[in-house]
Structures are given as C-alpha cells and as structure tokens.
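The structure appears below as structure tokens.
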Amino acid sequence: NNNTYLLHKRGWNGINIDLDKKNIELFNISRPNDINLNYAISDTNGFTNLYFYHDSSPINTLNKDVSDYQKATVKKIKKIETHTLDDILKKVDFKKKIDFMNIDVEGYENKVLAGFDINKYKPSVVSVEFLDLKMKNLELKNNNINNLFSSDLYNYFINNNYHFVNWLHGDLIFVHKNFRDKY
C-alpha cells in the first residue's frame, strides 16, 4: 500500500518524509539507502494540530475538515511542529532531479505545496492524493471530474505547467510539460 514500493524494488531511491516516527523507523529498516525523515510538512515552519487516531493510522491528519469528515473518533489532538518542504530539502542539501514525487498527506496537500518551490525542483511526475470532501463516501465510484477540475489542487498543477494524465482511486497523476514527448 505504498506508491513508491515498486520503484524501490527496481533500485530507485529517494526521500521519504512522514510525521509518524514508527513509519520512519520502518523505512529505515526496509529502505536503508533512502533518506528517511520524521517531519510534518506544511506551508510554514511553526506548530499545528495533529488529529491523531492511533500510531501508524493512515488517517492521522493535520486537516481539521478531513478529521471531521472521518467516521473514526480522534483519540487526541496533539500540537506538533511543522516545516516547509523547501526547508527540509535545504537541510538535506538536496540537489538532485526529482523524477517522481508522491504527496499523500490526508487533505493537507495544498499546504505542503504552498511550502514547496515547484518551479525550482520541477518534478517530472507527481502523484498527489485528492480527497473530495463533497462526496458522501470517499470511494472510486463517487469520483466527480467536475469537482476535480474546479479544485485548487488541480488548478495549482495546471497553472505550474503540468498536464493531468490519470486518476487512480484517490491519486491524481500529473506530468510536467518538459517531461512529455514533443509533438
């Protein structure tokens, strides 16, 4: 249940960032050649609320609207430190090309992108989770392309020279214009 696992199995490496320390410990075991970092990412360096369900929960979120949408009960609200993605990449002195970027932050995608200079790094392919809270149930059969086209997330990528190429369950796939074949 990881969008980068098959790439890892083919010899790719990269940076894995997760706010759950236990997930980073698992990355350190399973992907020792990657850079594995325990951070919460946002649009600013500061503090915010984590709506915490349990350790390693895929629905732990920094987004109150997403938390309110969930049927599960929040175990507690924790105050946690956030960092921008740009600052994290600067700390690790990242200078490589980003071939594939995966963003799955339970409704906090716009905040993560606001703290990332996409025009500087220009990832070739981006997979980004799209949670459409207008749906009654977050299920593939309920996806609505009109909600996608009017979303801030979709328009962010289109306005930054990306083409929308696929939608798989809750993940949108965008490809930078310079990565596409020339006609």
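By order of appearance in the structure tokens: chains A, B, ..., then residues from 1 within every chain, and ligands from 1 in the order shown.
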**OP:** Report the residues of segment 23-146 of chain A whose backbone DSSP state falls under alpha helix (DSSP H), written as number ranges by chain.
**Re:** A: 23-30, 64-69, 85-91, 109-114, 118-121, 145-146
Sorted by chain and rising residue number, list the residues of segment 69-179 of chain A at most 12 Å from segment 7-20 of chain A (counting only C-alpha atoms), each with its closest atom pair and distance in Å to one decimal, as CSV.
```
residue,atom,partner,partner_atom,distance
A:Lys78,CA,A:Leu19,CA,11.9
A:Ile80,CA,A:Leu19,CA,9.1
A:Glu81,CA,A:Leu19,CA,9.6
A:Thr82,CA,A:Leu19,CA,9.1
A:His83,CA,A:Leu19,CA,10.6
A:Thr84,CA,A:Ile17,CA,11.5
A:Leu85,CA,A:Ile17,CA,9.4
A:Ile88,CA,A:Ile17,CA,9.3
A:Leu89,CA,A:Ile15,CA,9.2
A:Val92,CA,A:Ile15,CA,9.7
A:Asp93,CA,A:Ile15,CA,11.8
A:Phe94,CA,A:Ile15,CA,9.5
A:Lys95,CA,A:Gly14,CA,11.8
A:Lys96,CA,A:Gly14,CA,9.6
A:Lys97,CA,A:Gly14,CA,10.4
A:Ile98,CA,A:Gly14,CA,8.7
A:Asp99,CA,A:Gly14,CA,9.6
A:Phe100,CA,A:Gly14,CA,9.2
A:Met101,CA,A:Gly14,CA,9.3
A:Asn102,CA,A:Asn16,CA,9.4
A:Ile103,CA,A:Ile17,CA,9.7
A:Asp104,CA,A:Asp18,CA,9.6
A:Val105,CA,A:Asp18,CA,8.8
A:Glu106,CA,A:Leu19,CA,11.6
A:Val112,CA,A:Ile17,CA,11.7
```
Next, the residues of the selection above should be written as a compact mmCIF listing (two decimals), in the first residue's frame with N, CA and C atoms.
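selection_21.txt, written as the output of this step:
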```txt
# COMPACT_ATOMS: atom_id res chain seq x y z
N LYS A 78 -2.88 16.54 19.09
CA LYS A 78 -1.52 16.83 19.54
C LYS A 78 -1.03 18.09 18.83
N ILE A 80 1.97 19.72 17.11
CA ILE A 80 3.23 19.24 16.54
C ILE A 80 3.89 20.34 15.71
N GLU A 81 5.19 20.20 15.55
CA GLU A 81 5.97 21.16 14.78
C GLU A 81 5.87 20.84 13.30
N THR A 82 5.78 21.88 12.48
CA THR A 82 5.75 21.72 11.03
C THR A 82 6.94 22.42 10.39
N HIS A 83 7.28 21.95 9.20
CA HIS A 83 8.36 22.53 8.40
C HIS A 83 7.89 22.59 6.96
N THR A 84 8.42 23.52 6.19
CA THR A 84 8.11 23.54 4.77
C THR A 84 8.97 22.49 4.07
N LEU A 85 8.48 22.01 2.96
CA LEU A 85 9.25 21.05 2.18
C LEU A 85 10.53 21.70 1.65
N ILE A 88 13.11 21.57 4.40
CA ILE A 88 13.61 20.20 4.60
C ILE A 88 14.61 19.84 3.50
N LEU A 89 14.27 20.15 2.26
CA LEU A 89 15.19 19.85 1.15
C LEU A 89 16.49 20.64 1.27
N VAL A 92 18.78 18.92 3.93
CA VAL A 92 19.49 17.71 3.48
C VAL A 92 20.35 17.99 2.25
N ASP A 93 20.45 19.28 1.88
CA ASP A 93 21.27 19.71 0.75
C ASP A 93 20.89 18.94 -0.51
N PHE A 94 19.60 18.88 -0.78
CA PHE A 94 19.07 18.14 -1.92
C PHE A 94 19.30 18.92 -3.20
N LYS A 95 19.98 18.30 -4.16
CA LYS A 95 20.27 18.97 -5.42
C LYS A 95 19.97 18.08 -6.63
N LYS A 96 19.37 16.93 -6.40
CA LYS A 96 19.09 16.01 -7.49
C LYS A 96 17.80 16.40 -8.21
N LYS A 97 17.62 15.80 -9.37
CA LYS A 97 16.37 15.96 -10.11
C LYS A 97 15.32 15.05 -9.46
N ILE A 98 14.10 15.55 -9.37
CA ILE A 98 13.00 14.73 -8.83
C ILE A 98 12.28 14.10 -10.02
N ASP A 99 12.44 12.80 -10.17
CA ASP A 99 11.75 12.08 -11.25
C ASP A 99 10.30 11.82 -10.88
N PHE A 100 10.08 11.39 -9.64
CA PHE A 100 8.72 11.05 -9.19
C PHE A 100 8.53 11.59 -7.79
N MET A 101 7.43 12.28 -7.59
CA MET A 101 7.10 12.82 -6.27
C MET A 101 5.71 12.33 -5.90
N ASN A 102 5.60 11.80 -4.70
CA ASN A 102 4.31 11.30 -4.20
C ASN A 102 3.92 12.13 -2.98
N ILE A 103 2.73 12.70 -3.02
CA ILE A 103 2.23 13.50 -1.89
C ILE A 103 0.93 12.89 -1.41
N ASP A 104 0.96 12.39 -0.19
CA ASP A 104 -0.22 11.77 0.42
C ASP A 104 -0.25 12.21 1.88
N VAL A 105 -0.97 13.30 2.13
CA VAL A 105 -0.95 13.90 3.46
C VAL A 105 -2.36 14.18 3.99
N GLU A 106 -3.27 13.34 3.61
CA GLU A 106 -4.63 13.37 4.16
C GLU A 106 -5.26 14.76 4.17
N VAL A 112 1.17 21.65 1.84
CA VAL A 112 2.51 21.13 1.51
C VAL A 112 3.03 21.83 0.27
```
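Proximity of A:Ser56, A:Ile35, A:Thr48, A:Glu109 to Lys91 of chain A, computed with only C-alpha atoms, is greatest for A:Ile35.
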**OP:** Select, from A:Gly170, A:Ser57, A:Asn143, A:Ser150, the residue with the minimum atom-to-atom distance to Gly107 of chain A, counting only C-alpha atoms.
**Re:**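 Distance minimum relative to Gly107 of chain A lands on A:Gly170.
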**OP:** Using only C-alpha atoms, determine which residues lie at most 10 Å from Lys134 of chain A, disregarding the query and same-chain residues fewer than 6 positions distant; provide the list as number ranges by chain.
**Re:** A: 69, 142-144, 147
Original post:
Can you tell me how far atom CA of Lys21 of chain A sits from atom CA of Asn38 of chain A, in Å to one decimal?
Top reply: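 About the pair atom CA of Lys21 of chain A and atom CA of Asn38 of chain A: they are 5.7 Å apart.
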Original post:
DSSP says strand (DSSP E) for which residues of segment 50-136 of chain A? Put them as a list in words?
Top reply: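 For segment 50-136 of chain A, the strand (DSSP E) set is Leu50, Tyr51, Phe52, Lys76, Ile77, Lys78, Lys79, Ile80, Glu81, Thr82, His83, Thr84, Phe100, Met101, Asn102, Ile103, Val125, Val126, Ser127, Val128 and Glu129 of chain A.
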Output file for the residues above (C-alpha atoms, as a PDB file, in the first residue's frame):
```pdb
ATOM      1  CA  LEU A  50      -2.439  16.745  14.562  1.00  0.00           C
ATOM      2  CA  TYR A  51      -5.768  14.927  14.680  1.00  0.00           C
ATOM      3  CA  PHE A  52      -4.403  11.647  15.968  1.00  0.00           C
ATOM      4  CA  LYS A  76      -6.355  13.051  20.847  1.00  0.00           C
ATOM      5  CA  ILE A  77      -5.268  16.324  19.318  1.00  0.00           C
ATOM      6  CA  LYS A  78      -1.519  16.830  19.538  1.00  0.00           C
ATOM      7  CA  LYS A  79       0.370  20.071  18.926  1.00  0.00           C
ATOM      8  CA  ILE A  80       3.230  19.242  16.542  1.00  0.00           C
ATOM      9  CA  GLU A  81       5.971  21.157  14.781  1.00  0.00           C
ATOM     10  CA  THR A  82       5.748  21.719  11.035  1.00  0.00           C
ATOM     11  CA  HIS A  83       8.358  22.530   8.404  1.00  0.00           C
ATOM     12  CA  THR A  84       8.109  23.537   4.767  1.00  0.00           C
ATOM     13  CA  PHE A 100       8.723  11.053  -9.191  1.00  0.00           C
ATOM     14  CA  MET A 101       7.101  12.821  -6.274  1.00  0.00           C
ATOM     15  CA  ASN A 102       4.315  11.304  -4.204  1.00  0.00           C
ATOM     16  CA  ILE A 103       2.234  13.503  -1.890  1.00  0.00           C
ATOM     17  CA  VAL A 125       5.789  13.103 -12.479  1.00  0.00           C
ATOM     18  CA  VAL A 126       3.676  13.865  -9.415  1.00  0.00           C
ATOM     19  CA  SER A 127       1.176  11.599  -7.738  1.00  0.00           C
ATOM     20  CA  VAL A 128      -0.973  13.535  -5.306  1.00  0.00           C
ATOM     21  CA  GLU A 129      -3.883  12.388  -3.185  1.00  0.00           C
TER      22      GLU A 129
END
```
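Rounded to one decimal, atom CA of Gln70 of chain A and atom CA of Asn49 of chain A lie 16.1 Å from each other.
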**OP:** Name all residues at most 8 Å from segment 137-141 of chain A (count only C-alpha atoms; drop same-chain ones fewer than 3 positions away) and give them as a PyMOL selection string.
**Re:** chain A and resi 131-133+169-170
Could the residues in this selection be written to a file with N, CA and C atoms, as an mmCIF file, in the first residue's frame?
```cif
data_model
loop_
_atom_site.group_PDB
_atom_site.id
_atom_site.type_symbol
_atom_site.label_atom_id
_atom_site.label_comp_id
_atom_site.auth_asym_id
_atom_site.auth_seq_id
_atom_site.Cartn_x
_atom_site.Cartn_y
_atom_site.Cartn_z
ATOM 1 N N LEU A 131 -8.592 14.317 -1.943
ATOM 2 C CA LEU A 131 -9.733 13.967 -1.100
ATOM 3 C C LEU A 131 -10.854 14.955 -1.389
ATOM 4 N N ASP A 132 -11.876 14.488 -2.055
ATOM 5 C CA ASP A 132 -13.023 15.328 -2.398
ATOM 6 C C ASP A 132 -14.069 15.179 -1.298
ATOM 7 N N LEU A 133 -14.046 16.109 -0.358
ATOM 8 C CA LEU A 133 -14.949 16.020 0.790
ATOM 9 C C LEU A 133 -16.392 16.364 0.436
ATOM 10 N N HIS A 169 -8.037 5.798 -8.222
ATOM 11 C CA HIS A 169 -8.678 5.842 -6.903
ATOM 12 C C HIS A 169 -8.627 7.275 -6.388
ATOM 13 N N GLY A 170 -7.868 7.557 -5.352
ATOM 14 C CA GLY A 170 -7.796 8.913 -4.823
ATOM 15 C C GLY A 170 -6.551 9.660 -5.247
#
```
**OP:** Go through A:Trp167, A:Tyr156, A:Phe179, A:Phe116 and flag the residue nearest Ser42 of chain A, using only C-alpha atoms for the distances.
**Re:**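 The shortest atom-to-atom distance to Ser42 of chain A comes from A:Phe116.
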